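Novice: The structure is given below, and queries will be raised subsequently.
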Amino acid sequence: MSERHPLSLRHTTLHGHDVGYRMAGQGPAILLIHGMAGSSRTWVDVMNVLRRDYTVIAPDLLGHGESAKPMGDYSLGAHASGLRDLVVGALGVERATVVGQSLGGGVAMQLAYQHPELCERLVLVGSGGLGREVSWMLRALTLPGAEYAMPVLFPRFLRDLGNELSRFVRDRGIRAPHAAEMWRAYASLAEPDNRDAFVRTLRAVIDPGGQSVSANDRLYLAGAVPSLILWGDRDDIIPVEHAHAAHARMPNSRLEIFEGAGHFLHVERPAEVAALLHDFVETTEPAHNDPETFRALMRADPGDRPQPPSPAPEPARAASPA
């Protein structure tokens, strides 16, 4: 029998529900949270690099991947509490650098807000929750009755044909990571349970007009947590303008724009993303849960809150294509 790969999916039970996750490495913990209709698999290339120096953890959020898909609460707050229960309760990891992509960025911000004792650093990758604008396709899927059209839009036979085509392309060494990630998300919606969970998750954060949940009024609280923002300048799901606006609202945050990259930086440029995460962890001090600092931030007049540094004459350093 072949040896189990370090990043193979594992399972545990939380509150009676099966939860899938990947975990490997040793050292300070890094929690990696995937996006809408994604799974922990999306982080494998980044994890393979980081596990040399860190304990890396990537869950399948409830309703995604191989985790259970029960009827229930799929809000950002519910996901954040579920991750706290997994990481602290089931895995025994008390503190971590929290990284979230797309929907996972919204979950990461909610986790840092609800459970600051867990969050040492915050990293947002093409994150949701920072503005109203979002892809028209996601907005359309929140319309009343859209769930009844989804079996036609996401048929199993088309998924099977697409999977065969993907294998054909991959076997010939052709790489299209952005398209492959989009296809994996699309293909997952061929299963009824996945579609139901997707619709509940989608409607918790998006409505026909755009994103319905925003952290912008509380980003000043991130002044107590080292923060890194990563974005592709060709993101066609969530516009790069959200990155610049969030950077302006988050005191002492670091912004990195990837030239020529889209929404899935971690699969399009995994080595570069891993290198930036490594540098960020090694060059910043972890946040410490300080109730007095939190109370002072909450009570301060807006003009007395920590302010972001004045704009530098040069634009934010861009990560160029390899």
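In the structure tokens, chains take the letters A, B, ... in the order shown, each chain's residues start at 1, and ligands count up from 1 in the order shown.
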Write out as a PyMOL selection string which residues come within 7 Å of segment 220-227 of chain A when counting only C-alpha atoms, dropping same-chain ones fewer than 4 positions away.

Specialist: chain A and resi 120-123+249-254+284+287+297+306

Novice: Would you pick out the contacts of Val240 of chain A at 12 Å or less, using only C-alpha atoms, so that residues sharing its chain but fewer than 3 positions from it are not included, and give the list as a compact mmCIF listing (two decimals) with N, CA and C atoms, in the first residue's frame?

Specialist:
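Saved file out00.txt follows:
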# COMPACT_ATOMS: atom_id res chain seq x y z
N VAL A 125 -6.69 37.80 -0.23
CA VAL A 125 -6.31 37.51 -1.61
C VAL A 125 -7.55 37.65 -2.50
N GLY A 126 -7.61 38.71 -3.31
CA GLY A 126 -8.79 38.94 -4.14
C GLY A 126 -10.07 38.82 -3.33
N SER A 127 -10.10 39.47 -2.19
CA SER A 127 -11.09 39.21 -1.15
C SER A 127 -12.47 39.80 -1.44
N GLY A 128 -13.48 39.07 -1.03
CA GLY A 128 -14.81 39.62 -0.96
C GLY A 128 -14.97 40.48 0.28
N LEU A 130 -15.29 43.83 0.51
CA LEU A 130 -14.60 45.11 0.54
C LEU A 130 -15.22 46.15 -0.40
N GLY A 131 -16.39 45.85 -0.92
CA GLY A 131 -17.06 46.77 -1.84
C GLY A 131 -18.26 46.09 -2.48
N GLU A 133 -19.11 45.98 -5.79
CA GLU A 133 -18.94 45.41 -7.13
C GLU A 133 -18.51 43.94 -7.06
N VAL A 134 -19.10 43.15 -7.97
CA VAL A 134 -18.76 41.73 -8.10
C VAL A 134 -19.27 41.26 -9.46
N ILE A 229 -2.42 42.50 1.62
CA ILE A 229 -3.46 42.42 0.59
C ILE A 229 -2.80 42.03 -0.72
N LEU A 230 -3.27 40.93 -1.33
CA LEU A 230 -2.76 40.45 -2.62
C LEU A 230 -3.89 40.47 -3.63
N TRP A 231 -3.60 40.97 -4.84
CA TRP A 231 -4.68 41.09 -5.84
C TRP A 231 -4.08 41.00 -7.24
N GLY A 232 -4.85 40.46 -8.17
CA GLY A 232 -4.46 40.47 -9.56
C GLY A 232 -5.05 41.68 -10.27
N ASP A 233 -4.25 42.34 -11.12
CA ASP A 233 -4.77 43.55 -11.76
C ASP A 233 -5.75 43.23 -12.89
N ARG A 234 -5.92 41.93 -13.21
CA ARG A 234 -6.92 41.52 -14.21
C ARG A 234 -8.04 40.69 -13.58
N ASP A 235 -8.29 40.90 -12.33
CA ASP A 235 -9.35 40.17 -11.64
C ASP A 235 -10.70 40.55 -12.25
N ASP A 236 -11.40 39.56 -12.82
CA ASP A 236 -12.69 39.83 -13.44
C ASP A 236 -13.86 39.41 -12.57
N ILE A 237 -13.59 39.00 -11.34
CA ILE A 237 -14.64 38.64 -10.38
C ILE A 237 -14.86 39.78 -9.39
N ALA A 243 -8.83 46.51 -3.69
CA ALA A 243 -7.56 46.33 -2.98
C ALA A 243 -6.99 47.68 -2.55
N HIS A 244 -6.99 48.63 -3.47
CA HIS A 244 -6.44 49.95 -3.16
C HIS A 244 -7.28 50.66 -2.09
N ALA A 245 -8.60 50.53 -2.18
CA ALA A 245 -9.47 51.17 -1.18
C ALA A 245 -9.27 50.55 0.19
N ALA A 246 -9.14 49.22 0.25
CA ALA A 246 -8.93 48.55 1.54
C ALA A 246 -7.59 48.93 2.13
N HIS A 247 -6.56 48.99 1.30
CA HIS A 247 -5.23 49.38 1.76
C HIS A 247 -5.26 50.77 2.40
N LEU A 255 0.37 46.17 0.51
CA LEU A 255 -0.38 45.86 -0.70
C LEU A 255 0.56 45.36 -1.79
N GLU A 256 0.19 44.23 -2.42
CA GLU A 256 0.94 43.68 -3.54
C GLU A 256 -0.02 43.40 -4.69
N ILE A 257 0.21 44.05 -5.83
CA ILE A 257 -0.61 43.85 -7.02
C ILE A 257 0.17 42.99 -8.01
N PHE A 258 -0.45 41.92 -8.47
CA PHE A 258 0.18 41.00 -9.43
C PHE A 258 -0.21 41.40 -10.85
N GLU A 259 0.76 41.81 -11.62
CA GLU A 259 0.50 42.23 -13.00
C GLU A 259 0.14 41.03 -13.87
N GLY A 260 -0.94 41.18 -14.65
CA GLY A 260 -1.33 40.14 -15.58
C GLY A 260 -2.04 38.96 -14.95
N ALA A 261 -2.38 39.04 -13.67
CA ALA A 261 -3.01 37.90 -12.96
C ALA A 261 -4.49 38.19 -12.73
N GLY A 262 -5.26 37.11 -12.60
CA GLY A 262 -6.70 37.23 -12.39
C GLY A 262 -7.10 36.99 -10.94
N HIS A 263 -8.25 36.34 -10.77
CA HIS A 263 -8.85 36.21 -9.45
C HIS A 263 -8.21 35.12 -8.59

Novice: Using only C-alpha atoms, which of A:Glu268, A:Asp207, A:Glu181, A:Glu117 sits nearest Asp290 of chain A?

Specialist: A:Glu117

Novice: Rank nothing, just name the residue among A:Pro291, A:Pro59, A:Gly145, A:Pro208 nearest to Gly82 of chain A, using only C-alpha atoms.

Specialist: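 Going through A:Pro291, A:Pro59, A:Gly145, A:Pro208 one by one, the smallest distance to Gly82 of chain A is for A:Pro59.
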
Novice: Please identify which residues in segment 80-255 of chain A DSSP calls helix (DSSP H, G or I) from the backbone, and express them as an MDAnalysis selection string.

Specialist: chainID A and resid 80:90 103:114 136:140 146:153 156:171 177:188 192:205 216:224 241:249

Novice: Env of segment 270-281 of chain A: 8 Å cut, atoms = only C-alpha atoms, seq-sep filter 5 positions within chain, self excluded. Answer as a list of chain:residue names.

Specialist: A:Asp45, A:Val46, A:Met47, A:Val49, A:Leu50, A:Thr97, A:Arg121, A:Leu228, A:Leu265, A:Ala319

Novice: Write down as a PyMOL selection string the residues of segment 32-187 of chain A whose backbone DSSP state falls under strand (DSSP E).

Specialist: chain A and resi 32-33+55-59+96-101+119-125

Novice: Store the residues picked out above in a file with N, CA and C atoms, as a PDB file, in the first residue's frame.

Specialist:
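What landed in selection.pdb:
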ATOM      1  N   LEU A  32      -5.427  28.565   5.608  1.00  0.00           N
ATOM      2  CA  LEU A  32      -5.715  28.976   4.232  1.00  0.00           C
ATOM      3  C   LEU A  32      -7.172  28.667   3.912  1.00  0.00           C
ATOM      4  N   ILE A  33      -7.949  29.711   3.581  1.00  0.00           N
ATOM      5  CA  ILE A  33      -9.399  29.571   3.412  1.00  0.00           C
ATOM      6  C   ILE A  33      -9.752  29.810   1.951  1.00  0.00           C
ATOM      7  N   THR A  55       3.256  25.047   9.831  1.00  0.00           N
ATOM      8  CA  THR A  55       2.110  24.152   9.866  1.00  0.00           C
ATOM      9  C   THR A  55       1.021  24.790   9.011  1.00  0.00           C
ATOM     10  N   VAL A  56       0.670  24.146   7.919  1.00  0.00           N
ATOM     11  CA  VAL A  56      -0.327  24.699   7.004  1.00  0.00           C
ATOM     12  C   VAL A  56      -1.626  23.906   7.132  1.00  0.00           C
ATOM     13  N   ILE A  57      -2.732  24.635   7.202  1.00  0.00           N
ATOM     14  CA  ILE A  57      -4.057  24.036   7.387  1.00  0.00           C
ATOM     15  C   ILE A  57      -4.992  24.639   6.353  1.00  0.00           C
ATOM     16  N   ALA A  58      -5.663  23.782   5.592  1.00  0.00           N
ATOM     17  CA  ALA A  58      -6.645  24.263   4.612  1.00  0.00           C
ATOM     18  C   ALA A  58      -7.906  23.417   4.751  1.00  0.00           C
ATOM     19  N   PRO A  59      -9.004  23.993   5.217  1.00  0.00           N
ATOM     20  CA  PRO A  59     -10.246  23.243   5.376  1.00  0.00           C
ATOM     21  C   PRO A  59     -11.107  23.292   4.122  1.00  0.00           C
ATOM     22  N   ALA A  96      -2.893  31.490  14.530  1.00  0.00           N
ATOM     23  CA  ALA A  96      -2.468  31.266  13.150  1.00  0.00           C
ATOM     24  C   ALA A  96      -2.454  32.575  12.377  1.00  0.00           C
ATOM     25  N   THR A  97      -1.659  32.604  11.325  1.00  0.00           N
ATOM     26  CA  THR A  97      -1.787  33.616  10.285  1.00  0.00           C
ATOM     27  C   THR A  97      -2.958  33.184   9.417  1.00  0.00           C
ATOM     28  N   VAL A  98      -3.957  34.046   9.259  1.00  0.00           N
ATOM     29  CA  VAL A  98      -5.202  33.680   8.577  1.00  0.00           C
ATOM     30  C   VAL A  98      -5.203  34.282   7.177  1.00  0.00           C
ATOM     31  N   VAL A  99      -5.327  33.401   6.172  1.00  0.00           N
ATOM     32  CA  VAL A  99      -5.279  33.795   4.768  1.00  0.00           C
ATOM     33  C   VAL A  99      -6.607  33.413   4.118  1.00  0.00           C
ATOM     34  N   GLY A 100      -7.250  34.349   3.423  1.00  0.00           N
ATOM     35  CA  GLY A 100      -8.513  34.045   2.774  1.00  0.00           C
ATOM     36  C   GLY A 100      -8.569  34.579   1.364  1.00  0.00           C
ATOM     37  N   GLN A 101      -9.063  33.749   0.440  1.00  0.00           N
ATOM     38  CA  GLN A 101      -9.211  34.151  -0.960  1.00  0.00           C
ATOM     39  C   GLN A 101     -10.690  34.267  -1.308  1.00  0.00           C
ATOM     40  N   CYS A 119      -6.139  35.097  15.599  1.00  0.00           N
ATOM     41  CA  CYS A 119      -5.549  35.680  14.391  1.00  0.00           C
ATOM     42  C   CYS A 119      -4.253  36.443  14.698  1.00  0.00           C
ATOM     43  N   GLU A 120      -3.122  35.902  14.239  1.00  0.00           N
ATOM     44  CA  GLU A 120      -1.835  36.572  14.407  1.00  0.00           C
ATOM     45  C   GLU A 120      -1.567  37.584  13.299  1.00  0.00           C
ATOM     46  N   ARG A 121      -1.989  37.251  12.104  1.00  0.00           N
ATOM     47  CA  ARG A 121      -1.838  38.113  10.932  1.00  0.00           C
ATOM     48  C   ARG A 121      -3.035  37.862  10.025  1.00  0.00           C
ATOM     49  N   LEU A 122      -3.308  38.825   9.136  1.00  0.00           N
ATOM     50  CA  LEU A 122      -4.439  38.706   8.223  1.00  0.00           C
ATOM     51  C   LEU A 122      -3.943  38.937   6.801  1.00  0.00           C
ATOM     52  N   VAL A 123      -4.292  38.001   5.899  1.00  0.00           N
ATOM     53  CA  VAL A 123      -3.915  38.117   4.494  1.00  0.00           C
ATOM     54  C   VAL A 123      -5.177  37.967   3.643  1.00  0.00           C
ATOM     55  N   LEU A 124      -5.425  38.942   2.771  1.00  0.00           N
ATOM     56  CA  LEU A 124      -6.600  38.951   1.904  1.00  0.00           C
ATOM     57  C   LEU A 124      -6.151  38.812   0.457  1.00  0.00           C
ATOM     58  N   VAL A 125      -6.693  37.803  -0.232  1.00  0.00           N
ATOM     59  CA  VAL A 125      -6.312  37.507  -1.613  1.00  0.00           C
ATOM     60  C   VAL A 125      -7.546  37.654  -2.496  1.00  0.00           C
TER      61      VAL A 125
END

Novice: Just the residues within 10 Å of Asp196 of chain A, please, counting only C-alpha atoms, with nothing from its chain fewer than 5 positions along; format it as a PDB file with C-alpha atoms, in the first residue's frame.

Specialist:
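Produced file result02.pdb, reproduced below:
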ATOM      1  CA  GLY A  63     -21.061  23.164   2.138  1.00  0.00           C
ATOM      2  CA  LYS A  69     -23.638  20.142   3.218  1.00  0.00           C
ATOM      3  CA  PRO A  70     -26.412  20.392   5.792  1.00  0.00           C
ATOM      4  CA  MET A  71     -29.358  22.738   5.824  1.00  0.00           C
ATOM      5  CA  GLU A 147     -31.752  27.637  -8.239  1.00  0.00           C
ATOM      6  CA  MET A 150     -29.134  25.589 -12.200  1.00  0.00           C
ATOM      7  CA  LEU A 189     -22.275  22.530  -9.094  1.00  0.00           C
ATOM      8  CA  GLU A 191     -24.292  17.804  -7.790  1.00  0.00           C
ATOM      9  CA  THR A 201     -23.679  30.658   0.711  1.00  0.00           C
ATOM     10  CA  LEU A 202     -24.003  33.004  -2.273  1.00  0.00           C
TER      11      LEU A 202
END

Novice: Please provide the set of residues having any atom within 7 Å of Val267 of chain A, restricted to only C-alpha atoms, with same-chain residues fewer than 3 positions apart removed, written as a ChimeraX atom specification.

Specialist: /A:42,177,264,270

Novice: Tell me, in Å to one decimal, how far atom CA of Gly20 of chain A is from atom CA of Arg41 of chain A.

Specialist: 10.5 Å

Novice: Rounded to one decimal in Å, what is the spacing between atom CA of Gly210 of chain A and atom CA of Arg132 of chain A?

Specialist: 5.1 Å
